[in-house]
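In what follows, a structure is listed as C-alpha cells, so that the remarks can point back to it.
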Amino acid sequence: MHIESKGFAAALALALGLSAAGQALAQEVTLTVHHFLGPNSTAQRVLLEPWAQRVQEQSGGRIAVEIYPAMSMGGAAPELYRQVRDGVADIVWTLPSYTPGLFKRLEVFELPGVHQNSAEATTLAIQDLMPELAEDLQDVHPLLVHVHSGYVLHMRGGAIEGVGDLQGMRLRTPSRIGGWLIEAWGAEPVNMPVPDLPQALSRGAVEGALLPFEAAGPMGLAEITGASVEGPEGARAGTMVFLFAMNRERYESLPEDLRAVIDANSGLAIAAEVGAGFDAFEAEMAARMAQTRPVVQLSPEAWESFRAPDEAVAQRWIADVAGQGIDGAGLIARARAAIAAHGE
C-alpha cells in the first residue's frame, strides 16, 4: 500500500474516532472503503463518514471502517467496480457508468425527463424498484444505489442563452446517456472521469461540463468557468446513478449479527437521509458559486429547446436494452411513477 494511502486512512480513522485503544481491542473486522473523489466531497461527508460512524457504533466497535478517498488504494476510477467485485476493496462508492454495458437497468434513472430535480425523491424511487434492478448487481452486495440532484451546465466561456449556442462545443459527459443527450443538443460529448475535469477545462480540452453544483464547488470549478446554466427554477436535464457496494463474499463471511448491522445501514434505511443530504449540499454550493460568477436560469422557452430531444434519447435507450430482454418502456413508466409518488 502506498504511503499516501496510509496517510489518508490514518487521518480519517482519527477523525471518525476509529483509532481509540478500547475500540481497537474490540475490533473483529476492518472494512476498506475506496472511492474516486476527495475527502471533502459530498459523498464522503453525506454518505461515507456517517455510514462508517454508525456501523462502528452499532457493532459495538467490532467493525472498523477505513475510508480511502481519491483512489488512494491505487488504480483508476473506472476500475472501482472490478475492485469491489474481485475483493481488492471491501466496499466502493462509484459510478456504474464507468463500467459500460453492465448496468442497463440502472440507466433508466439517468434518462432525461425521468429524474425531477430531487435526489431524495429519485433515491427513494430506486429503492422501490430494487427487486427488478437487482439483476444488474448480482456480482456484488449493494448497500445503496442513489443519485445526485441533477446536471448543471458549467461553461468555460460564460453563459449561454439556448441550445443553439452549444453547436460544435466539446462538453464533458459522465455517462453514455449524458453523451446521447449532448449529441442531440448538437455538441460533442467527451467522456472522462470527473477527477480529470478541472485540468481539461483549464486547458480548453472541453468547453463545458454536465455536473451538479455539489461536485463542481469542491472541485474549484467556480474559478475556471465563466458561468453555470440551469433550467427555470433550477430544473435539471438529468442525473447520475451512483453505486455504494460491498464485495459479496466479504459480506457473506461476516457473522450474522454483523451482517445485521450492515443491513440496518443499507438501502431504504439510509436512502432518504442520503438523498436529502445531497439536495441540501447542492443548494449550499449553488449559493456559494453564485457569489463568484453568474448562475443563469434559462427562460422556459430556451429550456424547451434543451428538453426537445428527451423522448428521442429515451427511445434510443428502449431499443438498446430490448436486446437484453428488458422492457425499457415499462421500466421508464414505473420509474417515473415511483419518483412522482415520492415527490408529492
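Naming scheme: A, B, ... for chains in displayed order of the C-alpha cells; residues 1 onward per chain; ligands 1 onward as shown.
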Contact table stretch 14-127 of chain A vs stretch 294-309 of chain A, cut-off 12 Å, shortest pair per residue, only C-alpha atoms, as JSON lines:
{"residue": "A:Leu111", "atom": "CA", "partner": "A:Pro309", "partner_atom": "CA", "distance": 10.9}
{"residue": "A:Pro112", "atom": "CA", "partner": "A:Arg307", "partner_atom": "CA", "distance": 7.8}
{"residue": "A:Gly113", "atom": "CA", "partner": "A:Arg307", "partner_atom": "CA", "distance": 7.8}
{"residue": "A:Val114", "atom": "CA", "partner": "A:Arg307", "partner_atom": "CA", "distance": 11.6}
Exercise. Would you kindly return, as a VMD selection string, each protein, DNA or RNA residue with an atom no farther than 12 Å from any atom of A:Glu28, considering only C-alpha atoms and excluding same-chain residues fewer than 5 positions away?
Key: chain A and resid 23 56 59 to 65 254 to 255 258
Grab the residues selected above and save them as an mmCIF file, in the first residue's frame with all heavy atoms.
data_model
loop_
_atom_site.group_PDB
_atom_site.id
_atom_site.type_symbol
_atom_site.label_atom_id
_atom_site.label_comp_id
_atom_site.auth_asym_id
_atom_site.auth_seq_id
_atom_site.Cartn_x
_atom_site.Cartn_y
_atom_site.Cartn_z
ATOM 1 N N GLN A 23 -11.562 0.675 21.404
ATOM 2 C CA GLN A 23 -12.245 0.165 20.241
ATOM 3 C C GLN A 23 -11.356 -0.819 19.492
ATOM 4 O O GLN A 23 -11.820 -1.840 18.995
ATOM 5 C CB GLN A 23 -12.646 1.326 19.328
ATOM 6 C CG GLN A 23 -13.701 2.226 19.951
ATOM 7 C CD GLN A 23 -13.962 3.456 19.112
ATOM 8 O OE1 GLN A 23 -13.123 3.834 18.300
ATOM 9 N NE2 GLN A 23 -15.097 4.086 19.303
ATOM 10 N N GLN A 56 -19.712 1.424 13.014
ATOM 11 C CA GLN A 56 -18.834 1.145 14.151
ATOM 12 C C GLN A 56 -19.594 1.174 15.462
ATOM 13 O O GLN A 56 -19.461 0.276 16.299
ATOM 14 C CB GLN A 56 -17.683 2.147 14.221
ATOM 15 C CG GLN A 56 -16.921 1.972 15.539
ATOM 16 C CD GLN A 56 -15.520 2.475 15.486
ATOM 17 O OE1 GLN A 56 -14.825 2.273 14.500
ATOM 18 N NE2 GLN A 56 -15.102 3.119 16.543
ATOM 19 N N SER A 59 -22.074 -1.713 15.908
ATOM 20 C CA SER A 59 -21.420 -3.013 16.079
ATOM 21 C C SER A 59 -20.681 -3.104 17.408
ATOM 22 O O SER A 59 -19.999 -4.102 17.672
ATOM 23 C CB SER A 59 -20.429 -3.259 14.928
ATOM 24 O OG SER A 59 -19.317 -2.377 15.030
ATOM 25 N N GLY A 60 -20.790 -2.076 18.224
ATOM 26 C CA GLY A 60 -20.079 -2.072 19.490
ATOM 27 C C GLY A 60 -18.575 -2.030 19.308
ATOM 28 O O GLY A 60 -17.823 -2.539 20.150
ATOM 29 N N GLY A 61 -18.133 -1.422 18.204
ATOM 30 C CA GLY A 61 -16.707 -1.324 17.931
ATOM 31 C C GLY A 61 -16.113 -2.555 17.291
ATOM 32 O O GLY A 61 -14.896 -2.607 17.048
ATOM 33 N N ARG A 62 -16.928 -3.538 16.966
ATOM 34 C CA ARG A 62 -16.400 -4.770 16.376
ATOM 35 C C ARG A 62 -16.077 -4.596 14.891
ATOM 36 O O ARG A 62 -15.329 -5.383 14.329
ATOM 37 C CB ARG A 62 -17.394 -5.906 16.576
ATOM 38 C CG ARG A 62 -17.543 -6.312 18.040
ATOM 39 C CD ARG A 62 -18.733 -7.219 18.237
ATOM 40 N NE ARG A 62 -18.607 -8.449 17.445
ATOM 41 C CZ ARG A 62 -19.645 -9.206 17.097
ATOM 42 N NH1 ARG A 62 -20.873 -8.846 17.442
ATOM 43 N NH2 ARG A 62 -19.444 -10.308 16.403
ATOM 44 N N ILE A 63 -16.678 -3.591 14.248
ATOM 45 C CA ILE A 63 -16.357 -3.275 12.856
ATOM 46 C C ILE A 63 -15.618 -1.942 12.821
ATOM 47 O O ILE A 63 -16.100 -0.947 13.373
ATOM 48 C CB ILE A 63 -17.615 -3.171 11.977
ATOM 49 C CG1 ILE A 63 -18.364 -4.502 11.932
ATOM 50 C CG2 ILE A 63 -17.246 -2.731 10.560
ATOM 51 C CD1 ILE A 63 -19.667 -4.457 11.152
ATOM 52 N N ALA A 64 -14.463 -1.931 12.203
ATOM 53 C CA ALA A 64 -13.738 -0.689 11.931
ATOM 54 C C ALA A 64 -13.844 -0.405 10.437
ATOM 55 O O ALA A 64 -13.899 -1.327 9.618
ATOM 56 C CB ALA A 64 -12.276 -0.826 12.325
ATOM 57 N N VAL A 65 -13.890 0.868 10.086
ATOM 58 C CA VAL A 65 -14.013 1.271 8.686
ATOM 59 C C VAL A 65 -12.891 2.236 8.350
ATOM 60 O O VAL A 65 -12.690 3.238 9.051
ATOM 61 C CB VAL A 65 -15.379 1.932 8.405
ATOM 62 C CG1 VAL A 65 -15.474 2.337 6.931
ATOM 63 C CG2 VAL A 65 -16.522 1.000 8.777
ATOM 64 N N LEU A 254 -19.224 -12.359 7.087
ATOM 65 C CA LEU A 254 -19.403 -11.734 8.393
ATOM 66 C C LEU A 254 -20.317 -12.580 9.276
ATOM 67 O O LEU A 254 -21.236 -13.248 8.781
ATOM 68 C CB LEU A 254 -20.014 -10.341 8.234
ATOM 69 C CG LEU A 254 -19.190 -9.277 7.516
ATOM 70 C CD1 LEU A 254 -20.012 -7.991 7.383
ATOM 71 C CD2 LEU A 254 -17.886 -9.004 8.235
ATOM 72 N N PRO A 255 -20.122 -12.532 10.590
ATOM 73 C CA PRO A 255 -21.087 -13.168 11.490
ATOM 74 C C PRO A 255 -22.477 -12.576 11.278
ATOM 75 O O PRO A 255 -22.625 -11.426 10.850
ATOM 76 C CB PRO A 255 -20.552 -12.824 12.883
ATOM 77 C CG PRO A 255 -19.112 -12.494 12.682
ATOM 78 C CD PRO A 255 -19.012 -11.893 11.319
ATOM 79 N N LEU A 258 -23.198 -9.117 12.671
ATOM 80 C CA LEU A 258 -22.537 -8.005 11.995
ATOM 81 C C LEU A 258 -23.148 -7.758 10.617
ATOM 82 O O LEU A 258 -23.209 -6.607 10.166
ATOM 83 C CB LEU A 258 -21.034 -8.262 11.894
ATOM 84 C CG LEU A 258 -20.273 -8.304 13.229
ATOM 85 C CD1 LEU A 258 -18.780 -8.395 12.986
ATOM 86 C CD2 LEU A 258 -20.612 -7.099 14.108
#
Practice problem: Would you list the contacts of A:His146 as a ChimeraX atom specification, taking every protein, DNA or RNA residue within 6 Å and counting only C-alpha atoms, but skipping same-chain residues closer than 3 positions in sequence? | Solution: /A:123,241-242
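Nearest to A:Arg54 of all the residues A:Val147, A:Met71, A:Ile262, A:Leu37 is A:Ile262, counting only C-alpha atoms.
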Self-check item: atom CA of A:Asp90 to atom CA of A:Met246, distance in Å rounded to a single decimal
Solution: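 These two atoms are separated by 5.7 Å.
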Practice problem: Find the residues near A:Gly220: any atom within 12 Å, counting only C-alpha atoms, skip ones fewer than 6 places away on the same chain, and give them as a VMD selection string. | Solution: chain A and resid 40 to 41 154 195 197 to 199 201 to 202 213 to 214 285 288 to 289 292
Quiz item: Nearest to A:Trp180 among A:Ala272, A:Leu31, A:Ala283, A:Val313, with distances taken over only C-alpha atoms: which residue is it?
Solution: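 Smallest distance to A:Trp180 is found for A:Val313.
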Self-check item: Within 7 Å of A:His141 using only C-alpha atoms, minus same-chain residues under 6 positions, as a PyMOL selection string
Solution: chain A and resi 245-248
Quiz item: In stretch 30-224 of chain A, what's helix (DSSP H, G or I) per DSSP? Answer as a PyMOL selection string?
Solution: chain A and resi 42-58+77-86+96-98+106-110+119-137+163-166+176-184+194-203+213-216+221-223
Would you output that residue set with C-alpha atoms, as a tab-separated table (two decimals), in the first residue's frame?
chain	number	residue	atom	x	y	z
A	42	THR	CA	-20.37	15.38	-0.80
A	43	ALA	CA	-20.22	11.59	-0.96
A	44	GLN	CA	-17.72	11.38	1.86
A	45	ARG	CA	-19.43	14.00	4.02
A	46	VAL	CA	-23.04	12.91	3.47
A	47	LEU	CA	-22.73	9.16	2.99
A	48	LEU	CA	-19.39	7.52	3.74
A	49	GLU	CA	-18.32	9.13	7.01
A	50	PRO	CA	-21.78	8.98	8.68
A	51	TRP	CA	-22.15	5.39	7.49
A	52	ALA	CA	-18.77	4.41	8.91
A	53	GLN	CA	-19.55	6.06	12.24
A	54	ARG	CA	-22.91	4.32	12.61
A	55	VAL	CA	-21.59	0.92	11.59
A	56	GLN	CA	-18.83	1.15	14.15
A	57	GLU	CA	-21.14	2.36	16.91
A	58	GLN	CA	-23.90	-0.15	16.20
A	77	ALA	CA	-11.75	5.45	-11.14
A	78	PRO	CA	-13.20	3.15	-13.85
A	79	GLU	CA	-11.62	0.18	-12.05
A	80	LEU	CA	-13.60	0.59	-8.82
A	81	TYR	CA	-16.40	-1.81	-9.69
A	82	ARG	CA	-13.91	-4.53	-10.56
A	83	GLN	CA	-12.02	-3.81	-7.34
A	84	VAL	CA	-15.07	-4.49	-5.18
A	85	ARG	CA	-16.24	-7.42	-7.28
A	86	ASP	CA	-12.82	-9.04	-7.02
A	96	PRO	CA	-21.93	2.33	-12.68
A	97	SER	CA	-21.42	4.26	-15.93
A	98	TYR	CA	-17.66	3.81	-15.52
A	106	LEU	CA	-29.95	1.38	-13.53
A	107	GLU	CA	-29.63	3.75	-16.51
A	108	VAL	CA	-33.37	4.33	-16.53
A	109	PHE	CA	-32.95	6.92	-13.77
A	110	GLU	CA	-30.35	8.82	-15.83
A	119	ALA	CA	-32.08	13.47	-5.19
A	120	GLU	CA	-34.20	12.38	-2.25
A	121	ALA	CA	-37.29	11.52	-4.33
A	122	THR	CA	-35.33	9.67	-7.00
A	123	THR	CA	-33.18	7.78	-4.49
A	124	LEU	CA	-36.31	6.60	-2.68
A	125	ALA	CA	-37.85	5.60	-6.02
A	126	ILE	CA	-34.79	3.49	-6.78
A	127	GLN	CA	-35.37	1.53	-3.56
A	128	ASP	CA	-38.94	0.81	-4.69
A	129	LEU	CA	-37.65	-0.68	-7.94
A	130	MET	CA	-34.70	-2.58	-6.49
A	131	PRO	CA	-36.28	-6.03	-6.99
A	132	GLU	CA	-36.16	-5.56	-10.77
A	133	LEU	CA	-32.90	-3.58	-10.77
A	134	ALA	CA	-31.12	-6.22	-8.70
A	135	GLU	CA	-30.24	-8.31	-11.76
A	136	ASP	CA	-27.63	-5.65	-12.63
A	137	LEU	CA	-25.98	-6.17	-9.23
A	163	VAL	CA	-29.19	25.09	-27.08
A	164	GLY	CA	-28.03	26.66	-30.34
A	165	ASP	CA	-25.06	28.20	-28.53
A	166	LEU	CA	-23.69	24.69	-27.86
A	176	ARG	CA	-23.32	7.27	-22.26
A	177	ILE	CA	-26.85	8.60	-21.58
A	178	GLY	CA	-25.42	12.06	-20.96
A	179	GLY	CA	-23.41	11.63	-24.15
A	180	TRP	CA	-26.52	10.83	-26.15
A	181	LEU	CA	-28.19	13.98	-24.81
A	182	ILE	CA	-25.18	16.14	-25.63
A	183	GLU	CA	-25.13	14.72	-29.17
A	184	ALA	CA	-28.83	15.58	-29.52
A	194	VAL	CA	-14.66	13.65	-13.05
A	195	PRO	CA	-11.23	14.00	-11.34
A	196	ASP	CA	-9.79	14.85	-14.79
A	197	LEU	CA	-12.30	17.63	-15.44
A	198	PRO	CA	-10.64	20.69	-13.81
A	199	GLN	CA	-7.49	20.26	-15.88
A	200	ALA	CA	-9.50	19.60	-19.05
A	201	LEU	CA	-11.46	22.83	-18.54
A	202	SER	CA	-8.36	24.84	-17.69
A	203	ARG	CA	-6.62	23.70	-20.86
A	213	PHE	CA	-23.10	22.21	-8.02
A	214	GLU	CA	-22.22	19.97	-5.09
A	215	ALA	CA	-19.47	18.36	-7.15
A	216	ALA	CA	-18.41	21.48	-9.07
A	221	LEU	CA	-14.93	24.95	-10.99
A	222	ALA	CA	-16.07	28.42	-9.92
A	223	GLU	CA	-12.51	29.63	-10.58
Quiz item: So which residues of stretch 38-262 of chain A fall under strand (DSSP E) by DSSP, listed as a PyMOL selection string?
Solution: chain A and resi 63-68+91-94+140-147+152-155+170-173+188-191+208-211+227-230+241-247
